[in-house]
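Undergrad: Sharing a structure below in structure tokens format, with a few things to ask.
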Number of protein chains: 2
Amino acid sequence: MIIDLYGFYMKKIIVLGAGMVGSAMAIDLAKYHDVTSVDRDEENLHKVEKYGIHTIKADLGFYENVHTLINGYDLVIGAVPGNMGYHVCEEVIKAGKDIVDISFFPEDLFGLDEIAKEKKVTAIVDCGVAPGMGNIILGYHNKRMDVEKFGCLVGGLPFKREKPFEYKAPFSPIDVLEEYTRPARYVENGHIITKPALSDAEYIEFEEVGTLEAFNTDGLRSLMYTMKIPNMKEKTLRYPGHIEYIKALKDSGFFDTEKMDINGVRISPMEFTSKILFDKWKLGEEEEEFTIMRVTIEGKENGEPKKYVYSLFDKYDKQTKTSSMARTTGYTATAVANLLLNGMFNRKGVIPPEFIGEEEECYNFIMAYLNDRNIKYNLTN
Amino acid sequence: MIIDLYGFYMKKIIVLGAGMVGSAMAIDLAKYHDVTSVDRDEENLHKVEKYGIHTIKADLGFYENVHTLINGYDLVIGAVPGNMGYHVCEEVIKAGKDIVDISFFPEDLFGLDEIAKEKKVTAIVDCGVAPGMGNIILGYHNKRMDVEKFGCLVGGLPFKREKPFEYKAPFSPIDVLEEYTRPARYVENGHIITKPALSDAEYIEFEEVGTLEAFNTDGLRSLMYTMKIPNMKEKTLRYPGHIEYIKALKDSGFFDTEKMDINGVRISPMEFTSKILFDKWKLGEEEEEFTIMRVTIEGKENGEPKKYVYSLFDKYDKQTKTSSMARTTGYTATAVANLLLNGMFNRKGVIPPEFIGEEEECYNFIMAYLNDRNIKYNLTN
């Protein structure tokens with residue numbers, strides 16, 4: 001057994017998915033652990049091999065194979081596309097393995113809680129930057145104060161602004177378009193309010209990049225159920241004007257999911273539109289982008305009004321050619337993976353990130369781990 | 001033979017096409033003539049029957065039937081969709097019949113000139129408001145002065161402005177979208193300049209409706225070949241912002257004509273987009289719209305600098321439920337039809353409207369005819 005400078009014991013980790021974030025996580029974990037990456041795409045696997053990572057070519061869409069694949073590993077990292085995430089988690093949990101997942105699947109997070117507890121498994125889900133870090137920060141403060149208001153503004157954007165959309169999608173456009181169509185829920189005075197996606201657009205100033213436009217998206221996820229906070233809101237950030245074009249498409253029916261007849265073939269406008277936008281929104285291999293986030297927590301601490309504002313501005317890493325999206329999402333998950341591996345966190349069941357933030361030692365560990373990787377959540381209050 | 005108040009002899013006219021403009025022309029002509037409408041759509045025919053118009057149900061897409069259909073009539077009015085126009089005109093000319101056409105077909109106008117002359121036929125094409133009236137006005141002045149500059153701004157718009165496009169298409173969206181993609185040609189200092197469609201956008205004020213946005217479209221048509229005028233430009237008018245959305249679609253590839261693979265089916269973004277916009281842009285049955293046009297002619301007359309500005313602002317006719325687009329386009333054609341029928345114009349060959357405007361008597365007749373129908377080209381100079 002090898003003990004590194006963090007005091008970790010080297011463990012055997014299997015990372016399911018070697019896409020943009022999956023590969024960044026594997027590379028990060030391989031510094032101190034024995035890592036295996038799984039992907040159906042050989043090119044993705046070639047990219048991580050040079051970091052001493054073992055590779056297995058397999059299509060994780062065949063969920064029944066997951067059980068065999070993960071046999072013998074100490075921890076599973078889930079980094080498959082969102083539509084596969086729930087099924088992969090289910091297989092991992094049933095196999096009695098711990099998992100840290102960043103697939104952001106649309107299914108109910110707690111649907112697997114019972115089986116996870118029964119199997120004595122820790123399944124940490126939604127463990128990225130957003131969802132993820134906002135939850136962790138809120139979890140931390142919520143244990144130490146009476147939070148009245150939580151706000152999270154977050155966006156991943158390219159530095160180069162190309163008209164009309166001034167946007168690049170680090171994942172499939174269809175996932176972004178779904179975020180643009182799903183009704184957005186937030187909490188106001190203790191009530192859940194549902195508004196159309198893209199609503200309540202407002203300009204917000206950021207020192208690092210100037211004016212951005214924030215709008216409602218359905219991003220609170222687990223917080224809606226785990227937190228008794230009267231006001232909670234999550235908004236997505238884009239360059240000003242982006243959502244005006246998106247709204248034009250939406251209002252004209254380009255995002256409709258009902259199939260229509262075109263030359264005798266049935267296809268939905270949504271499928272068509274995401275196909276057209278796929279090339280347009282593709283993030284270039286070495287394209288410089290950034291992640292920007294502002295988490296605001298207000299309430300009473302020791303009877304006094306108190307406000308915490310955390311600001312993140314993280315950029316593409318030119319040296320390692322790692323996107324900011326991969327860094328901020330992936331390194332949150334690898335920090336949490338290490339928490340599990342070194343026994344600092346061992347609550348069982350399906351765990352949303354706010355549960356981890358509640359524990360001060362865990363919270364400090366994550367912040368230090370990210371800070372080591374130059375991901376800084378600057379606190380002003 | 002009946003002589004009416006205009007001094008016309010009642011003639012037998014056949015109108016090919018009973019759509020929005022075709023039916024308005026049939027109804028107008030039926031006041032003084034014996035009119036027959038042809039359409040493949042029974043509903044269209046029912047609408048004109050009550051005006052004492054004979055009807056024939058036939059699909060004019062079977063061009064070989066045109067010859068038989070028009071047998072026995074004094075004049076043919078062509079009001080078929082643009083993609084059928086050239087073929088229908090060809091059949092009419094070959095049958096030795098005069099025609100006034102508003103189909104605005106994309107093929108070369110003069111391609112049928114030789115056969116028309118040989119058959120001693122008058123085939124007046126592009127005989128609407130734009131193209132049409134701009135040509136007639138320019139033709140008139142060009143005979144009487146040294147024109148240095150011709151400009152035509154024109155648009156048909158709904159009164160009700162609905163975001164995002166604030167537009168309704170009186171014809172199929174695909175025809176509009178093609179106007180938005182075809183490179184636009186204009187004449188500057190005697191040279192033909194080709195620019196992308198939608199280029200050179202500028203705001204222009206109109207007393208009647210406020211600010212509109214003008215942009216280049218390829219609308220000079222025959223004028224590029226028949227007129228030796230050093231500066232000629234045609235621009236289309238829309239509500240401000242319309243073309244920004246259109247450009248966003250265009251720049252993102254929504255108007256691409258190359259077929260792409262969607263779920264194993266090959267379809268072009270253009271086909272798909274026009275299908276989506278079809279419902280969105282459909283002009284309501286009794287929706288109020290207007291036609292706005294500004295024709296500017298500058299040059300030297302009798303050695304002196306001279307400028308003529310003609311302004312048209314025509315609205316939906318609530319009483320007769322006739323759209324302004326049908327009125328301004330159709331009544332130009334019916335005015336010219338009467339010129340032909342009463343022998344005031346008898347030049348042979350394919351005739352663009354500027355040739356008619358050259359003749360003062362014809363010009364005055366058209367202006368009086370339109371004025372009678374409350375379509376007023378107000379002259380300021």
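Quick note on naming: the chains in the structure tokens go A, B, ... in the order shown, residues restart at 1 in each chain, and ligands are numbered from 1 in order of appearance.
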Using only C-alpha atoms, I'd like every residue of chain B that has an atom within 9 Å of chain A; please write them out as a short mmCIF file (atom, residue, chain, number, x, y, z; two decimals) with C-alpha atoms, in the first residue's frame.
TA:
data_model
loop_
_atom_site.label_atom_id
_atom_site.label_comp_id
_atom_site.auth_asym_id
_atom_site.auth_seq_id
_atom_site.Cartn_x
_atom_site.Cartn_y
_atom_site.Cartn_z
CA LYS B 163 -43.03 38.40 -31.31
CA PRO B 164 -40.61 37.19 -32.41
CA PHE B 165 -41.06 37.68 -36.15
CA GLU B 244 -32.18 39.85 -36.72
CA TYR B 245 -34.12 36.68 -35.91
CA LYS B 247 -30.26 36.16 -39.64
CA ALA B 248 -29.86 34.09 -36.48
CA LEU B 249 -31.70 31.23 -38.18
CA ASP B 251 -26.35 31.91 -39.72
CA SER B 252 -27.13 28.81 -37.67
CA GLY B 253 -27.92 26.77 -40.77
CA PHE B 254 -31.72 26.63 -40.55
CA ILE B 262 -32.21 12.86 -39.47
CA ASN B 263 -33.16 9.48 -38.06
CA VAL B 265 -34.15 10.29 -43.49
CA ILE B 267 -34.25 16.37 -45.46
CA PRO B 269 -33.11 22.39 -42.96
CA GLU B 271 -37.77 22.39 -45.94
CA PHE B 272 -38.03 21.74 -42.26
CA THR B 273 -37.86 25.38 -41.21
CA LYS B 275 -42.74 23.73 -42.45
CA ILE B 276 -42.37 25.00 -38.87
CA LEU B 277 -42.89 28.63 -39.87
CA LYS B 280 -46.63 30.65 -37.44
#
Undergrad: I'd like the contact shell of Tyr310 (chain A) - 6 Å cut-off, only C-alpha atoms, skipping same-chain residues fewer than 2 positions apart - returned as JSON, numbers by chain.
TA: {"A": [294, 295, 377, 378, 379]}
Undergrad: Which residue, A:Gly357, A:Gly72, A:Gly17, A:Gly85, has the smallest gap to Lys57 (chain A) when you use only C-alpha atoms?
TA: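 Nearest to Lys57 (chain A): A:Gly17.
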Undergrad: Out of region 121-352 of chain A, which residues get strand (DSSP E) from DSSP, as a compact mmCIF listing (two decimals) with N, CA, C and O atoms, in the first residue's frame?
TA:
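Done, and the output landed in out12.txt:
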# COMPACT_ATOMS: atom_id res chain seq x y z
N THR A 122 -22.84 3.99 -0.38
CA THR A 122 -22.89 5.45 -0.48
C THR A 122 -22.92 5.81 -1.96
O THR A 122 -21.98 5.51 -2.70
N ALA A 123 -24.04 6.43 -2.38
CA ALA A 123 -24.17 6.83 -3.79
C ALA A 123 -24.33 8.35 -3.82
O ALA A 123 -25.40 8.86 -3.54
N ILE A 124 -23.23 9.02 -4.14
CA ILE A 124 -23.27 10.49 -4.16
C ILE A 124 -23.58 10.94 -5.59
O ILE A 124 -22.86 10.62 -6.52
N ASP A 146 -29.43 30.34 10.16
CA ASP A 146 -30.82 30.23 9.73
C ASP A 146 -30.92 30.88 8.34
O ASP A 146 -31.03 32.08 8.21
N VAL A 147 -30.84 30.04 7.31
CA VAL A 147 -30.80 30.57 5.94
C VAL A 147 -32.21 30.97 5.49
O VAL A 147 -33.15 30.19 5.60
N GLU A 148 -32.34 32.20 5.05
CA GLU A 148 -33.63 32.68 4.55
C GLU A 148 -33.69 32.74 3.03
O GLU A 148 -34.75 32.70 2.42
N LYS A 149 -32.49 32.84 2.44
CA LYS A 149 -32.46 33.02 0.99
C LYS A 149 -31.20 32.41 0.40
O LYS A 149 -30.09 32.67 0.87
N PHE A 150 -31.42 31.60 -0.61
CA PHE A 150 -30.29 30.99 -1.33
C PHE A 150 -30.43 31.32 -2.81
O PHE A 150 -31.50 31.18 -3.40
N GLY A 151 -29.35 31.77 -3.40
CA GLY A 151 -29.37 32.05 -4.84
C GLY A 151 -28.13 31.49 -5.49
O GLY A 151 -27.04 31.53 -4.92
N CYS A 152 -28.31 30.92 -6.66
CA CYS A 152 -27.16 30.40 -7.39
C CYS A 152 -27.25 30.83 -8.84
O CYS A 152 -28.25 30.57 -9.52
N LEU A 153 -26.24 31.55 -9.30
CA LEU A 153 -26.14 31.95 -10.70
C LEU A 153 -24.97 31.20 -11.29
O LEU A 153 -23.87 31.24 -10.71
N VAL A 154 -25.16 30.54 -12.41
CA VAL A 154 -24.06 29.75 -12.94
C VAL A 154 -24.12 29.64 -14.46
O VAL A 154 -25.20 29.57 -15.05
N GLY A 155 -22.96 29.65 -15.07
CA GLY A 155 -22.90 29.50 -16.52
C GLY A 155 -21.53 29.05 -16.97
O GLY A 155 -20.53 29.35 -16.33
N GLY A 156 -21.51 28.30 -18.06
CA GLY A 156 -20.26 27.93 -18.71
C GLY A 156 -20.28 28.54 -20.09
O GLY A 156 -21.22 28.29 -20.85
N LEU A 157 -19.28 29.35 -20.42
CA LEU A 157 -19.32 30.11 -21.67
C LEU A 157 -17.97 30.15 -22.38
O LEU A 157 -16.93 30.10 -21.72
N PRO A 158 -18.01 30.26 -23.70
CA PRO A 158 -16.75 30.41 -24.44
C PRO A 158 -16.27 31.87 -24.34
O PRO A 158 -17.09 32.78 -24.24
N ALA A 184 -39.31 25.92 -15.00
CA ALA A 184 -38.32 26.15 -13.94
C ALA A 184 -39.04 26.34 -12.62
O ALA A 184 -39.99 27.11 -12.52
N ARG A 185 -38.56 25.62 -11.60
CA ARG A 185 -39.17 25.75 -10.28
C ARG A 185 -38.21 26.46 -9.33
O ARG A 185 -37.01 26.19 -9.35
N TYR A 186 -38.75 27.36 -8.54
CA TYR A 186 -37.95 27.94 -7.46
C TYR A 186 -38.84 28.08 -6.23
O TYR A 186 -40.05 27.81 -6.30
N VAL A 187 -38.24 28.44 -5.12
CA VAL A 187 -38.99 28.53 -3.87
C VAL A 187 -39.06 29.99 -3.43
O VAL A 187 -38.05 30.68 -3.37
N GLU A 188 -40.29 30.45 -3.18
CA GLU A 188 -40.49 31.84 -2.76
C GLU A 188 -41.45 31.83 -1.57
O GLU A 188 -42.55 31.28 -1.67
N HIS A 191 -43.12 28.65 -0.81
CA HIS A 191 -43.93 27.99 -1.84
C HIS A 191 -43.10 27.69 -3.08
O HIS A 191 -42.26 28.50 -3.47
N ILE A 192 -43.41 26.54 -3.67
CA ILE A 192 -42.75 26.24 -4.95
C ILE A 192 -43.47 26.98 -6.06
O ILE A 192 -44.69 26.87 -6.22
N ILE A 193 -42.72 27.77 -6.80
CA ILE A 193 -43.27 28.54 -7.91
C ILE A 193 -42.75 27.90 -9.21
O ILE A 193 -41.57 27.61 -9.32
N THR A 194 -43.66 27.68 -10.13
CA THR A 194 -43.23 27.13 -11.42
C THR A 194 -43.39 28.21 -12.49
O THR A 194 -44.46 28.80 -12.63
N LYS A 195 -42.32 28.46 -13.19
CA LYS A 195 -42.35 29.46 -14.26
C LYS A 195 -41.81 28.83 -15.54
O LYS A 195 -41.09 27.83 -15.49
N GLU A 202 -32.64 38.83 -16.51
CA GLU A 202 -32.10 40.08 -15.97
C GLU A 202 -30.60 40.14 -16.26
O GLU A 202 -29.93 39.12 -16.36
N TYR A 203 -30.11 41.36 -16.43
CA TYR A 203 -28.67 41.54 -16.63
C TYR A 203 -27.98 41.57 -15.28
O TYR A 203 -28.47 42.20 -14.34
N ILE A 204 -26.86 40.92 -15.19
CA ILE A 204 -26.08 40.92 -13.95
C ILE A 204 -24.61 41.19 -14.31
O ILE A 204 -24.10 40.67 -15.31
N GLU A 205 -23.99 42.06 -13.52
CA GLU A 205 -22.60 42.45 -13.80
C GLU A 205 -21.63 41.50 -13.11
O GLU A 205 -21.82 41.13 -11.95
N PHE A 206 -20.59 41.14 -13.83
CA PHE A 206 -19.51 40.34 -13.25
C PHE A 206 -18.20 41.05 -13.56
O PHE A 206 -17.95 41.42 -14.71
N GLY A 210 -17.91 41.16 -17.43
CA GLY A 210 -18.89 42.17 -17.81
C GLY A 210 -20.31 41.71 -17.57
O GLY A 210 -20.59 40.93 -16.66
N THR A 211 -21.21 42.17 -18.44
CA THR A 211 -22.63 41.89 -18.25
C THR A 211 -23.02 40.52 -18.79
O THR A 211 -22.72 40.20 -19.94
N LEU A 212 -23.71 39.76 -17.97
CA LEU A 212 -24.29 38.50 -18.44
C LEU A 212 -25.80 38.56 -18.18
O LEU A 212 -26.29 39.42 -17.45
N GLU A 213 -26.52 37.64 -18.82
CA GLU A 213 -27.97 37.60 -18.64
C GLU A 213 -28.33 36.33 -17.88
O GLU A 213 -27.91 35.24 -18.25
N ALA A 214 -29.09 36.52 -16.81
CA ALA A 214 -29.51 35.38 -15.98
C ALA A 214 -30.99 35.10 -16.22
O ALA A 214 -31.77 36.02 -16.40
N PHE A 215 -31.36 33.84 -16.22
CA PHE A 215 -32.77 33.47 -16.43
C PHE A 215 -33.06 32.18 -15.68
O PHE A 215 -32.16 31.42 -15.36
N ASN A 216 -34.33 31.97 -15.38
CA ASN A 216 -34.76 30.80 -14.61
C ASN A 216 -34.48 29.49 -15.34
O ASN A 216 -34.80 29.35 -16.52
N ASN A 231 -36.67 30.78 0.58
CA ASN A 231 -36.41 31.37 -0.74
C ASN A 231 -35.17 30.75 -1.37
O ASN A 231 -34.07 30.89 -0.85
N MET A 232 -35.38 30.07 -2.47
CA MET A 232 -34.26 29.45 -3.18
C MET A 232 -34.47 29.61 -4.69
O MET A 232 -35.56 29.35 -5.20
N LYS A 233 -33.41 30.01 -5.35
CA LYS A 233 -33.53 30.25 -6.78
C LYS A 233 -32.22 29.91 -7.48
O LYS A 233 -31.15 30.21 -6.96
N GLU A 234 -32.34 29.27 -8.61
CA GLU A 234 -31.17 28.98 -9.43
C GLU A 234 -31.39 29.58 -10.80
O GLU A 234 -32.47 29.44 -11.37
N LYS A 235 -30.40 30.28 -11.29
CA LYS A 235 -30.51 30.87 -12.64
C LYS A 235 -29.28 30.54 -13.46
O LYS A 235 -28.18 30.41 -12.92
N THR A 236 -29.49 30.42 -14.74
CA THR A 236 -28.38 30.13 -15.65
C THR A 236 -27.90 31.43 -16.28
O THR A 236 -28.69 32.36 -16.50
N LEU A 237 -26.61 31.50 -16.57
CA LEU A 237 -26.00 32.70 -17.14
C LEU A 237 -25.59 32.47 -18.60
O LEU A 237 -24.99 31.45 -18.92
N ARG A 238 -25.92 33.43 -19.41
CA ARG A 238 -25.46 33.44 -20.80
C ARG A 238 -25.08 34.87 -21.16
O ARG A 238 -25.46 35.81 -20.48
N MET A 260 -43.78 15.79 -36.27
CA MET A 260 -44.59 16.30 -37.37
C MET A 260 -44.18 15.58 -38.65
O MET A 260 -43.13 14.94 -38.72
N ASP A 261 -45.04 15.68 -39.64
CA ASP A 261 -44.81 14.96 -40.88
C ASP A 261 -44.00 15.82 -41.86
O ASP A 261 -44.41 16.92 -42.24
N ILE A 262 -42.83 15.32 -42.24
CA ILE A 262 -42.00 16.03 -43.22
C ILE A 262 -41.68 15.04 -44.33
O ILE A 262 -41.00 14.03 -44.08
N VAL A 265 -42.13 11.54 -43.40
CA VAL A 265 -41.41 11.01 -42.25
C VAL A 265 -41.80 11.79 -41.01
O VAL A 265 -42.03 12.99 -41.08
N ARG A 266 -41.90 11.09 -39.88
CA ARG A 266 -42.29 11.77 -38.65
C ARG A 266 -41.06 12.09 -37.82
O ARG A 266 -40.26 11.23 -37.49
N ILE A 267 -40.91 13.35 -37.50
CA ILE A 267 -39.76 13.80 -36.74
C ILE A 267 -40.17 15.03 -35.93
O ILE A 267 -41.03 15.80 -36.37
N GLU A 289 -12.73 28.45 -22.64
CA GLU A 289 -14.02 28.76 -22.04
C GLU A 289 -13.85 28.98 -20.55
O GLU A 289 -12.75 28.79 -20.02
N PHE A 290 -14.91 29.40 -19.92
CA PHE A 290 -14.82 29.63 -18.48
C PHE A 290 -16.12 29.19 -17.79
O PHE A 290 -17.15 29.00 -18.43
N THR A 291 -16.01 29.02 -16.50
CA THR A 291 -17.18 28.74 -15.67
C THR A 291 -17.31 29.90 -14.70
O THR A 291 -16.31 30.30 -14.09
N ILE A 292 -18.49 30.45 -14.60
CA ILE A 292 -18.69 31.54 -13.66
C ILE A 292 -19.88 31.19 -12.77
O ILE A 292 -20.89 30.65 -13.25
N MET A 293 -19.72 31.44 -11.48
CA MET A 293 -20.79 31.09 -10.55
C MET A 293 -20.81 32.09 -9.39
O MET A 293 -19.76 32.57 -8.96
N ARG A 294 -21.99 32.41 -8.97
CA ARG A 294 -22.14 33.27 -7.78
C ARG A 294 -23.21 32.65 -6.88
O ARG A 294 -24.37 32.54 -7.28
N VAL A 295 -22.78 32.24 -5.69
CA VAL A 295 -23.70 31.63 -4.72
C VAL A 295 -23.92 32.63 -3.60
O VAL A 295 -22.96 33.12 -3.01
N THR A 296 -25.18 32.96 -3.35
CA THR A 296 -25.50 33.93 -2.31
C THR A 296 -26.35 33.26 -1.23
O THR A 296 -27.35 32.60 -1.55
N ILE A 297 -25.92 33.42 -0.01
CA ILE A 297 -26.65 32.84 1.13
C ILE A 297 -26.92 33.94 2.14
O ILE A 297 -26.00 34.61 2.60
N GLU A 298 -28.20 34.17 2.43
CA GLU A 298 -28.58 35.22 3.37
C GLU A 298 -29.43 34.64 4.48
O GLU A 298 -30.20 33.71 4.25
N GLY A 299 -29.32 35.23 5.66
CA GLY A 299 -30.14 34.78 6.78
C GLY A 299 -29.63 35.37 8.08
O GLY A 299 -29.07 36.46 8.09
N LYS A 300 -29.87 34.63 9.14
CA LYS A 300 -29.43 35.10 10.46
C LYS A 300 -28.44 34.10 11.05
O LYS A 300 -28.70 32.90 11.08
N GLU A 301 -27.31 34.61 11.52
CA GLU A 301 -26.32 33.77 12.16
C GLU A 301 -26.06 34.34 13.55
O GLU A 301 -25.76 35.54 13.67
N GLU A 304 -27.81 37.53 14.22
CA GLU A 304 -27.47 38.73 13.43
C GLU A 304 -27.71 38.46 11.94
O GLU A 304 -27.42 37.36 11.46
N PRO A 305 -28.19 39.46 11.18
CA PRO A 305 -28.29 39.28 9.74
C PRO A 305 -26.91 39.02 9.13
O PRO A 305 -25.94 39.66 9.54
N LYS A 306 -26.87 38.11 8.20
CA LYS A 306 -25.58 37.70 7.66
C LYS A 306 -25.74 37.35 6.17
O LYS A 306 -26.75 36.79 5.78
N LYS A 307 -24.75 37.72 5.39
CA LYS A 307 -24.81 37.39 3.96
C LYS A 307 -23.45 36.87 3.50
O LYS A 307 -22.42 37.48 3.80
N TYR A 308 -23.47 35.73 2.85
CA TYR A 308 -22.25 35.16 2.27
C TYR A 308 -22.40 35.14 0.75
O TYR A 308 -23.43 34.71 0.23
N VAL A 309 -21.37 35.60 0.07
CA VAL A 309 -21.38 35.51 -1.39
C VAL A 309 -20.11 34.80 -1.83
O VAL A 309 -18.99 35.23 -1.49
N TYR A 310 -20.27 33.69 -2.52
CA TYR A 310 -19.13 32.94 -3.07
C TYR A 310 -19.07 33.18 -4.58
O TYR A 310 -20.09 33.04 -5.27
N SER A 311 -17.88 33.53 -5.05
CA SER A 311 -17.72 33.77 -6.48
C SER A 311 -16.67 32.85 -7.06
O SER A 311 -15.56 32.75 -6.54
N LEU A 312 -17.05 32.20 -8.15
CA LEU A 312 -16.11 31.34 -8.88
C LEU A 312 -15.92 31.90 -10.28
O LEU A 312 -16.90 32.25 -10.95
N PHE A 313 -14.68 32.01 -10.68
CA PHE A 313 -14.39 32.31 -12.09
C PHE A 313 -13.22 31.43 -12.48
O PHE A 313 -12.08 31.68 -12.09
N ASP A 314 -13.52 30.38 -13.22
CA ASP A 314 -12.49 29.41 -13.57
C ASP A 314 -12.34 29.31 -15.07
O ASP A 314 -13.32 29.29 -15.81
N LYS A 315 -11.09 29.24 -15.54
CA LYS A 315 -10.83 29.25 -16.97
C LYS A 315 -10.24 27.93 -17.48
O LYS A 315 -9.65 27.17 -16.72
N GLY A 349 -26.74 5.45 1.59
CA GLY A 349 -27.94 5.84 0.86
C GLY A 349 -27.58 6.71 -0.34
O GLY A 349 -26.41 6.83 -0.70
N VAL A 350 -28.62 7.28 -0.97
CA VAL A 350 -28.38 8.22 -2.07
C VAL A 350 -28.12 9.58 -1.43
O VAL A 350 -28.96 10.09 -0.68
N ILE A 351 -26.98 10.14 -1.71
CA ILE A 351 -26.53 11.35 -1.03
C ILE A 351 -26.42 12.52 -2.01
O ILE A 351 -25.56 12.52 -2.88
Undergrad: What does the distance from CA of Ala24 (chain A) to CA of His46 (chain A) come to in Å, to one decimal?
TA: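 That distance, rounded to one decimal, is 13.3 Å.
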Undergrad: Could you check the closest approach to Met25 (chain A) for each of A:Ile53, A:Lys160, A:Asp175, A:Glu107 and tell me which residue wins, using only C-alpha atoms?
TA: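 So, comparing all the options, the nearest one is A:Ile53.
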Undergrad: Using only C-alpha atoms, which of A:Gly343, A:Gly128, A:Gly190, A:Gly241 sits nearest Leu370 (chain A)?
TA: A:Gly128
Undergrad: Using only C-alpha atoms, which protein or nucleic acid residues come within 9 Å of Asn83 (chain B)? Drop anything in the same chain fewer than 5 positions from it, and give the result as a PyMOL selection string.
TA: chain B and resi 103-107
Undergrad: Name all residues at most 9 Å from Glu90 (chain A) (count only C-alpha atoms; drop same-chain ones fewer than 3 positions away) and give them as a list in words.
TA: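 Everything that qualifies: Gly85, Tyr86, His87, Ile93, Lys94, Ala95, Leu112, Ile115 and Ala116 of chain A.
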Undergrad: Show me, as a ChimeraX atom specification, the residues that have an atom within 8 Å of Val35 (chain B) when counting only C-alpha atoms, minus same-chain residues fewer than 4 positions from it.
TA: /B:12-15,26,29-30,53-54
Undergrad: From the DSSP assignment of the backbone, select every residue of region 54-128 of chain A that is alpha helix (DSSP H), and format the answer as a PyMOL selection string.
TA: chain A and resi 66-69+82-94+113-118
Undergrad: Could you give me, as number ranges by chain, the residues within 10 Å of region 333-335 of chain A, counting only C-alpha atoms and dropping anything in the same chain fewer than 6 positions from it?
TA: A: 21, 24-26, 28-29, 77-79, 100-102, 124-129, 132-133, 327, 341, 353, 362, 365-370
Undergrad: Which distance in Å separates CA of Ile356 (chain B) and CA of Asn135 (chain B), to one decimal?
TA: 8.8 Å
Undergrad: Please list as a list of chain:residue names every residue within 10 Å of Glu360 (chain A), counting only C-alpha atoms and excluding residues in the same chain fewer than 6 positions away.
TA: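 Surrounding residues, per the criterion: A:Gly139, A:Tyr140, A:His141, A:Lys143, A:Arg144, A:Ile366.
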Undergrad: Could you dump the residues just selected with N, CA, C and O atoms as a short mmCIF file (atom, residue, chain, number, x, y, z; two decimals), in the first residue's frame?
TA:
data_model
loop_
_atom_site.label_atom_id
_atom_site.label_comp_id
_atom_site.auth_asym_id
_atom_site.auth_seq_id
_atom_site.Cartn_x
_atom_site.Cartn_y
_atom_site.Cartn_z
N GLY A 139 -25.26 23.50 2.08
CA GLY A 139 -25.29 22.50 3.15
C GLY A 139 -24.44 22.92 4.33
O GLY A 139 -24.86 22.81 5.49
N TYR A 140 -23.27 23.44 4.01
CA TYR A 140 -22.35 23.89 5.06
C TYR A 140 -22.98 24.99 5.90
O TYR A 140 -23.07 24.89 7.13
N HIS A 141 -23.44 26.07 5.25
CA HIS A 141 -23.97 27.22 5.99
C HIS A 141 -25.30 26.92 6.66
O HIS A 141 -25.60 27.43 7.73
N LYS A 143 -26.21 24.42 8.22
CA LYS A 143 -26.00 23.79 9.52
C LYS A 143 -25.60 24.82 10.58
O LYS A 143 -25.66 24.56 11.77
N ARG A 144 -25.12 25.98 10.12
CA ARG A 144 -24.50 26.96 11.02
C ARG A 144 -25.28 28.26 11.16
O ARG A 144 -24.89 29.17 11.88
N ILE A 366 -12.91 19.58 0.72
CA ILE A 366 -13.28 19.85 -0.69
C ILE A 366 -12.72 21.19 -1.14
O ILE A 366 -12.13 21.31 -2.22
#
